[in-house]
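Structure data (PDB, C-alpha atoms) from coords-v1.pdb:
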```pdb
ATOM      1  CA  MET A   1      91.219  98.702  87.985
ATOM      2  CA  ALA A   2      89.968  95.498  86.408
ATOM      3  CA  GLY A   3      90.856  93.296  89.397
ATOM      4  CA  VAL A   4      88.978  95.538  91.829
ATOM      5  CA  GLU A   5      85.940  95.607  89.524
ATOM      6  CA  LYS A   6      86.027  91.787  89.361
ATOM      7  CA  ILE A   7      86.207  91.608  93.150
ATOM      8  CA  LYS A   8      83.308  94.080  93.480
ATOM      9  CA  GLU A   9      81.312  92.038  90.968
ATOM     10  CA  LYS A  10      82.147  88.825  92.852
ATOM     11  CA  ILE A  11      81.046  90.325  96.172
ATOM     12  CA  LEU A  12      77.738  91.425  94.658
ATOM     13  CA  GLN A  13      77.232  88.004  93.020
ATOM     14  CA  ASP A  14      77.982  86.216  96.298
ATOM     15  CA  ALA A  15      75.615  88.510  98.157
ATOM     16  CA  ASP A  16      72.882  87.785  95.617
ATOM     17  CA  ILE A  17      73.469  84.017  95.871
ATOM     18  CA  LYS A  18      73.221  84.045  99.662
ATOM     19  CA  VAL A  19      70.425  86.616  99.876
ATOM     20  CA  ASN A  20      67.496  84.215 100.367
ATOM     21  CA  GLU A  21      69.209  82.245 103.101
ATOM     22  CA  ILE A  22      70.455  85.263 105.044
ATOM     23  CA  LEU A  23      67.334  87.355 104.399
ATOM     24  CA  GLU A  24      65.161  84.531 105.757
ATOM     25  CA  LYS A  25      67.403  84.393 108.798
ATOM     26  CA  ALA A  26      67.080  88.169 109.235
ATOM     27  CA  ARG A  27      63.291  87.936 108.862
ATOM     28  CA  LEU A  28      63.135  85.201 111.514
ATOM     29  CA  GLN A  29      65.307  87.305 113.804
ATOM     30  CA  ALA A  30      63.061  90.312 113.205
ATOM     31  CA  LYS A  31      59.955  88.190 113.923
ATOM     32  CA  GLU A  32      61.519  86.954 117.149
ATOM     33  CA  ILE A  33      62.421  90.526 118.113
ATOM     34  CA  VAL A  34      58.828  91.663 117.475
ATOM     35  CA  GLU A  35      57.432  88.765 119.524
ATOM     36  CA  LYS A  36      59.757  89.528 122.425
ATOM     37  CA  ALA A  37      58.905  93.214 122.191
ATOM     38  CA  ASN A  38      55.184  92.429 122.306
ATOM     39  CA  GLN A  39      55.729  90.205 125.345
ATOM     40  CA  LYS A  40      57.656  93.025 127.032
ATOM     41  CA  ALA A  41      54.910  95.527 126.258
ATOM     42  CA  THR A  42      52.203  93.158 127.558
ATOM     43  CA  LEU A  43      54.154  92.446 130.728
ATOM     44  CA  ARG A  44      54.812  96.115 131.367
ATOM     45  CA  ALA A  45      51.183  96.979 130.653
ATOM     46  CA  LYS A  46      50.076  94.388 133.229
ATOM     47  CA  GLU A  47      52.453  95.846 135.782
ATOM     48  CA  ILE A  48      50.790  99.228 135.545
ATOM     49  CA  SER A  49      47.219  98.012 135.008
ATOM     50  CA  GLN A  50      46.110  99.127 138.463
ATOM     51  CA  LYS A  51      47.029 102.753 137.855
ATOM     52  CA  SER A  52      44.617 105.366 136.596
ATOM     53  CA  ALA A  53      43.417 105.248 132.986
ATOM     54  CA  TYR A  54      45.525 108.263 132.091
ATOM     55  CA  ASP A  55      48.639 106.846 133.709
ATOM     56  CA  ILE A  56      48.147 103.534 131.912
ATOM     57  CA  SER A  57      47.659 105.218 128.559
ATOM     58  CA  GLU A  58      50.687 107.471 129.018
ATOM     59  CA  LYS A  59      52.905 104.695 130.296
ATOM     60  CA  LYS A  60      51.822 102.400 127.472
ATOM     61  CA  ARG A  61      52.744 105.129 124.991
ATOM     62  CA  ILE A  62      56.168 105.544 126.584
ATOM     63  CA  ILE A  63      56.706 101.782 126.789
ATOM     64  CA  ASN A  64      55.658 101.314 123.161
ATOM     65  CA  SER A  65      58.089 104.057 122.114
ATOM     66  CA  ILE A  66      60.918 102.401 124.043
ATOM     67  CA  VAL A  67      60.033  98.947 122.697
ATOM     68  CA  GLU A  68      59.832 100.282 119.134
ATOM     69  CA  LEU A  69      63.247 101.921 119.506
ATOM     70  CA  GLU A  70      64.716  98.675 120.909
ATOM     71  CA  MET A  71      63.162  96.721 118.026
ATOM     72  CA  ARG A  72      64.639  99.063 115.425
ATOM     73  CA  LYS A  73      68.045  98.812 117.075
ATOM     74  CA  ASP A  74      67.870  94.997 117.198
ATOM     75  CA  ILE A  75      66.660  94.735 113.583
ATOM     76  CA  LEU A  76      69.432  97.088 112.410
ATOM     77  CA  SER A  77      71.969  94.994 114.314
ATOM     78  CA  ALA A  78      70.630  91.791 112.693
ATOM     79  CA  LYS A  79      70.835  93.392 109.235
ATOM     80  CA  GLN A  80      74.409  94.572 109.852
ATOM     81  CA  LYS A  81      75.393  91.102 111.046
ATOM     82  CA  SER A  82      73.954  89.607 107.840
ATOM     83  CA  ILE A  83      75.882  92.100 105.696
ATOM     84  CA  ASP A  84      79.108  91.341 107.616
ATOM     85  CA  GLU A  85      78.514  87.625 106.981
ATOM     86  CA  ALA A  86      78.097  88.326 103.250
ATOM     87  CA  PHE A  87      81.474  90.114 103.112
ATOM     88  CA  ASP A  88      83.144  87.354 105.147
ATOM     89  CA  LYS A  89      81.699  84.689 102.836
ATOM     90  CA  ALA A  90      82.770  86.638  99.745
ATOM     91  CA  LEU A  91      86.344  86.828 101.069
ATOM     92  CA  LEU A  92      86.292  83.112 101.901
ATOM     93  CA  ARG A  93      85.013  82.238  98.412
ATOM     94  CA  MET A  94      87.699  84.387  96.765
ATOM     95  CA  ASN A  95      90.390  82.709  98.832
ATOM     96  CA  ASN A  96      88.976  79.339  97.789
ATOM     97  CA  PHE A  97      89.121  80.012  94.040
ATOM     98  CA  ASP A  98      90.619  77.070  92.209
ATOM     99  CA  SER A  99      94.233  77.577  91.088
ATOM    100  CA  LYS A 100      93.350  78.577  87.528
ATOM    101  CA  LYS A 101      90.827  81.233  88.538
ATOM    102  CA  TYR A 102      93.027  82.485  91.396
ATOM    103  CA  GLU A 103      95.969  82.888  89.036
ATOM    104  CA  GLN A 104      93.849  84.800  86.501
ATOM    105  CA  VAL A 105      92.539  87.179  89.187
ATOM    106  CA  ILE A 106      96.091  87.829  90.453
ATOM    107  CA  LEU A 107      97.313  88.431  86.884
ATOM    108  CA  ASP A 108      94.473  90.888  86.191
ATOM    109  CA  MET A 109      95.211  92.721  89.433
ATOM    110  CA  LEU A 110      98.929  92.900  88.619
ATOM    111  CA  MET A 111      98.234  94.279  85.147
ATOM    112  CA  ALA A 112      96.123  97.012  86.711
ATOM    113  CA  SER A 113      98.519  97.960  89.516
ATOM    114  CA  VAL A 114     102.081  97.489  88.201
ATOM    115  CA  GLU A 115     103.760 100.808  87.364
ATOM    116  CA  SER A 116     107.315 100.120  86.212
ATOM    117  CA  GLY A 117     107.290  96.364  85.678
ATOM    118  CA  GLU A 118     110.275  95.973  88.015
ATOM    119  CA  GLU A 119     108.328  95.526  91.245
ATOM    120  CA  GLU A 120     108.463  92.656  93.694
ATOM    121  CA  ILE A 121     105.408  90.584  94.619
ATOM    122  CA  ILE A 122     104.879  89.504  98.232
ATOM    123  CA  MET A 123     102.231  86.867  98.925
ATOM    124  CA  SER A 124     101.086  84.422 101.551
ATOM    125  CA  ASP A 125     102.473  80.897 101.414
ATOM    126  CA  ASP A 126      99.056  79.535 100.377
ATOM    127  CA  GLY A 127      98.722  82.173  97.661
ATOM    128  CA  LYS A 128     102.090  81.260  96.154
ATOM    129  CA  LYS A 129     101.167  77.584  96.101
ATOM    130  CA  LYS A 130      98.097  78.338  93.969
ATOM    131  CA  LEU A 131     100.201  79.879  91.198
ATOM    132  CA  SER A 132     101.755  77.851  88.411
ATOM    133  CA  ALA A 133     105.541  77.508  88.207
ATOM    134  CA  ASP A 134     105.708  79.806  85.172
ATOM    135  CA  PHE A 135     103.357  82.476  86.577
ATOM    136  CA  ILE A 136     106.045  85.183  86.814
ATOM    137  CA  ASN A 137     107.061  84.531  83.188
ATOM    138  CA  LYS A 138     103.418  84.832  82.089
ATOM    139  CA  ALA A 139     102.987  88.051  84.067
ATOM    140  CA  ASN A 140     106.186  89.566  82.654
ATOM    141  CA  LYS A 141     105.202  88.679  79.079
ATOM    142  CA  ALA A 142     101.770  90.223  79.649
ATOM    143  CA  LEU A 143     103.419  93.419  80.936
ATOM    144  CA  GLU A 144     105.786  93.550  77.958
ATOM    145  CA  SER A 145     102.804  93.183  75.616
ATOM    146  CA  VAL A 146     101.431  96.487  76.950
ATOM    147  CA  GLY A 147     104.757  98.306  76.787
ATOM    148  CA  LYS A 148     105.964  97.894  80.368
ATOM    149  CA  LYS A 149     109.171  96.286  81.597
ATOM    150  CA  GLY A 150     108.717  92.587  82.258
ATOM    151  CA  LYS A 151     110.967  92.299  85.295
ATOM    152  CA  LEU A 152     108.586  91.399  88.093
ATOM    153  CA  ARG A 153     110.034  89.200  90.847
ATOM    154  CA  MET A 154     108.391  86.974  93.428
ATOM    155  CA  SER A 155     109.699  87.845  96.888
ATOM    156  CA  ASP A 156     110.921  85.179  99.295
ATOM    157  CA  GLU A 157     109.128  87.129 102.021
ATOM    158  CA  ILE A 158     105.845  85.646 103.240
ATOM    159  CA  ARG A 159     103.054  87.909 104.544
ATOM    160  CA  ASN A 160     100.078  86.984 106.671
ATOM    161  CA  ILE A 161      97.355  87.897 104.173
ATOM    162  CA  SER A 162      94.432  85.684 103.227
ATOM    163  CA  GLY A 163      94.741  86.207  99.470
ATOM    164  CA  GLY A 164      95.945  88.624  96.818
ATOM    165  CA  PHE A 165      99.395  90.205  97.051
ATOM    166  CA  ILE A 166     101.485  93.170  98.156
ATOM    167  CA  LEU A 167     103.446  94.965  95.452
ATOM    168  CA  THR A 168     106.690  96.734  96.394
ATOM    169  CA  GLY A 169     108.915  98.955  94.341
ATOM    170  CA  GLN A 170     110.924 102.172  94.789
ATOM    171  CA  GLY A 171     110.240 102.177  98.530
ATOM    172  CA  VAL A 172     106.465 102.056  98.030
ATOM    173  CA  GLU A 173     104.179  99.212  99.095
ATOM    174  CA  ILE A 174     100.759  98.703  97.521
ATOM    175  CA  ASN A 175      98.479  96.394  99.495
ATOM    176  CA  ASN A 176      96.425  94.393  96.998
ATOM    177  CA  SER A 177      95.401  91.716  99.481
ATOM    178  CA  PHE A 178      91.776  90.683  99.065
ATOM    179  CA  GLU A 179      90.930  91.858 102.567
ATOM    180  CA  ALA A 180      92.512  95.298 101.971
ATOM    181  CA  ILE A 181      90.634  95.737  98.680
ATOM    182  CA  ILE A 182      87.334  94.736 100.285
ATOM    183  CA  LYS A 183      87.966  97.105 103.210
ATOM    184  CA  LEU A 184      88.914  99.949 100.869
ATOM    185  CA  ASN A 185      85.820  99.487  98.700
ATOM    186  CA  ARG A 186      83.338  98.403 101.374
ATOM    187  CA  ASP A 187      81.744 101.851 101.773
ATOM    188  CA  GLU A 188      80.923 101.856  98.069
ATOM    189  CA  ILE A 189      79.794  98.209  97.873
ATOM    190  CA  GLU A 190      77.871  97.881 101.165
ATOM    191  CA  PRO A 191      74.778  99.893 100.093
ATOM    192  CA  LYS A 192      74.438  97.660  97.022
ATOM    193  CA  VAL A 193      74.778  94.533  99.172
ATOM    194  CA  ALA A 194      72.205  95.908 101.625
ATOM    195  CA  GLU A 195      69.855  96.660  98.740
ATOM    196  CA  ILE A 196      70.159  93.051  97.524
ATOM    197  CA  PHE A 197      69.499  91.692 101.023
ATOM    198  CA  PHE A 198      66.629  93.896 102.019
ATOM    199  CA  ARG A 199      64.775  94.624  98.807
ATOM    200  CA  VAL A 200      61.077  94.016  99.106
TER     201      VAL A 200
END
```

For the structure just supplied, provide its representation as structure tokens.
Amino acid sequence: MAGVEKIKEKILQDADIKVNEILEKARLQAKEIVEKANQKATLRAKEISQKSAYDISEKKRIINSIVELEMRKDILSAKQKSIDEAFDKALLRMNNFDSKKYEQVILDMLMASVESGEEEIIMSDDGKKKLSADFINKANKALESVGKKGKLRMSDEIRNISGGFILTGQGVEINNSFEAIIKLNRDEIEPKVAEIFFRV
């Protein structure tokens, strides 16, 4: 599906653009976590400093294990937060495409998802406003050029989606909102985004 591939590509591009900023933030968070962990370990070591040498050594080992586990958990949480921010920013950027680019993305997505050519398109109010007055005619001509019926209609119904559209026909609804596509493909895209963020 060409539209989905474009969205995947856009997400990866956005992640790459923001990588230095967010990676630096993650590194600073990790540094802060390490510093706090070291302070905790030092404090706990002082608390048990009057115990026997064996007790101190054993307790230090246990404390260090606990601190290391807490650090890993905090670093993982910081990484996940950075990845979530990348997806949020990608969605925001897609919703802020200029009218021409937005219209082209919607057209590409329609071409990939329309079955009969007689479906109805449901969009958000903002999404509709980004499309040109003759968008439906363009879409129908494009469908006819590939042998499908050119009888798409724009619904009067308004849906609360950030961008993209919902396609209905023959009692079936296909959710092609940007957020639904990102959610559907996130499992596939997230490892690539993480690799971009956390490559050495």

Next item on the list: Expand the PyMOL selection byres ((chain A and resi 110) around 12) into the individual residues it matches in the shown file, reporting them as a ChimeraX atom specification.
Entry: /A:1-4,103-109,111-122,135-136,138-140,142-143,148,150,152-153,164-168,174-177

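Proximity to Lys183 in chain A was assessed for A:Asp126, A:Glu85, A:Gln80, A:Leu91 counting only C-alpha atoms; the smallest distance is recorded for A:Leu91.
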
Check: CA of Arg186 in chain A and CA of Phe87 in chain A, how far apart in Å?
Finding: 8.7 Å

Note to self: Would you compute the distance between CA of Arg93 in chain A and CA of Glu157 in chain A? Give it in Å to one decimal.
What the structure shows: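 Between CA of Arg93 in chain A and CA of Glu157 in chain A the gap works out to 24.9 Å.
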
Next item on the list: In Å, rounded to a single decimal, give me how far CA of Ile196 in chain A is from CA of Ser82 in chain A.
Entry: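 Distance between the two atoms: 11.5 Å.
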
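Distance check against Leu28 in chain A using only C-alpha atoms: of A:Ser162, A:Lys141, A:Ile75, A:Lys128, the minimum falls on A:Ile75.
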
Next item on the list: Between A:Met123, A:Val193, A:Leu184, A:Ile7, single out the one closest to Ser155 in chain A, counting only C-alpha atoms.
Entry: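 Selected residue with least distance to Ser155 in chain A: A:Met123.
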
Kindly list the centre and edge lengths in Å, rounded to one decimal, for the axis-aligned box that covers all listed atoms of range 147-166 of chain A plus 4 Å on each of its six sides, as lines of an AutoDock Vina configuration file.
```
center_x = 102.7
center_y = 91.7
center_z = 91.7
size_x = 24.5
size_y = 21.1
size_z = 37.9
```

Next item on the list: Tell me which of A:Arg72, A:Lys81, A:Arg159, A:Lys59 sits closest to Ala194 in chain A, counting all atoms listed in the file.
Entry: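 The answer is A:Lys81, which sits nearest to Ala194 in chain A.
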
Notebook entry, point to check: Which is closest to Lys129 in chain A among A:Lys151, A:Lys100, A:Lys73, A:Lys40, if we use all atoms listed in the file?
Noted result: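 For Lys129 in chain A, the nearest of the candidates is A:Lys100.
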
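Between Ala90 in chain A and the candidates A:Pro191, A:Tyr102, A:Gln39, A:Ile182, the tightest atom-to-atom separation, counting only C-alpha atoms, involves A:Ile182.
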
Notebook entry, point to check: Counting all atoms listed in the file, what is within 7 Å of Gly163 in chain A, bar same-chain residues fewer than 3 positions away, as a VMD selection string?
Noted result: chain A and resid 95 124 127 177 to 178
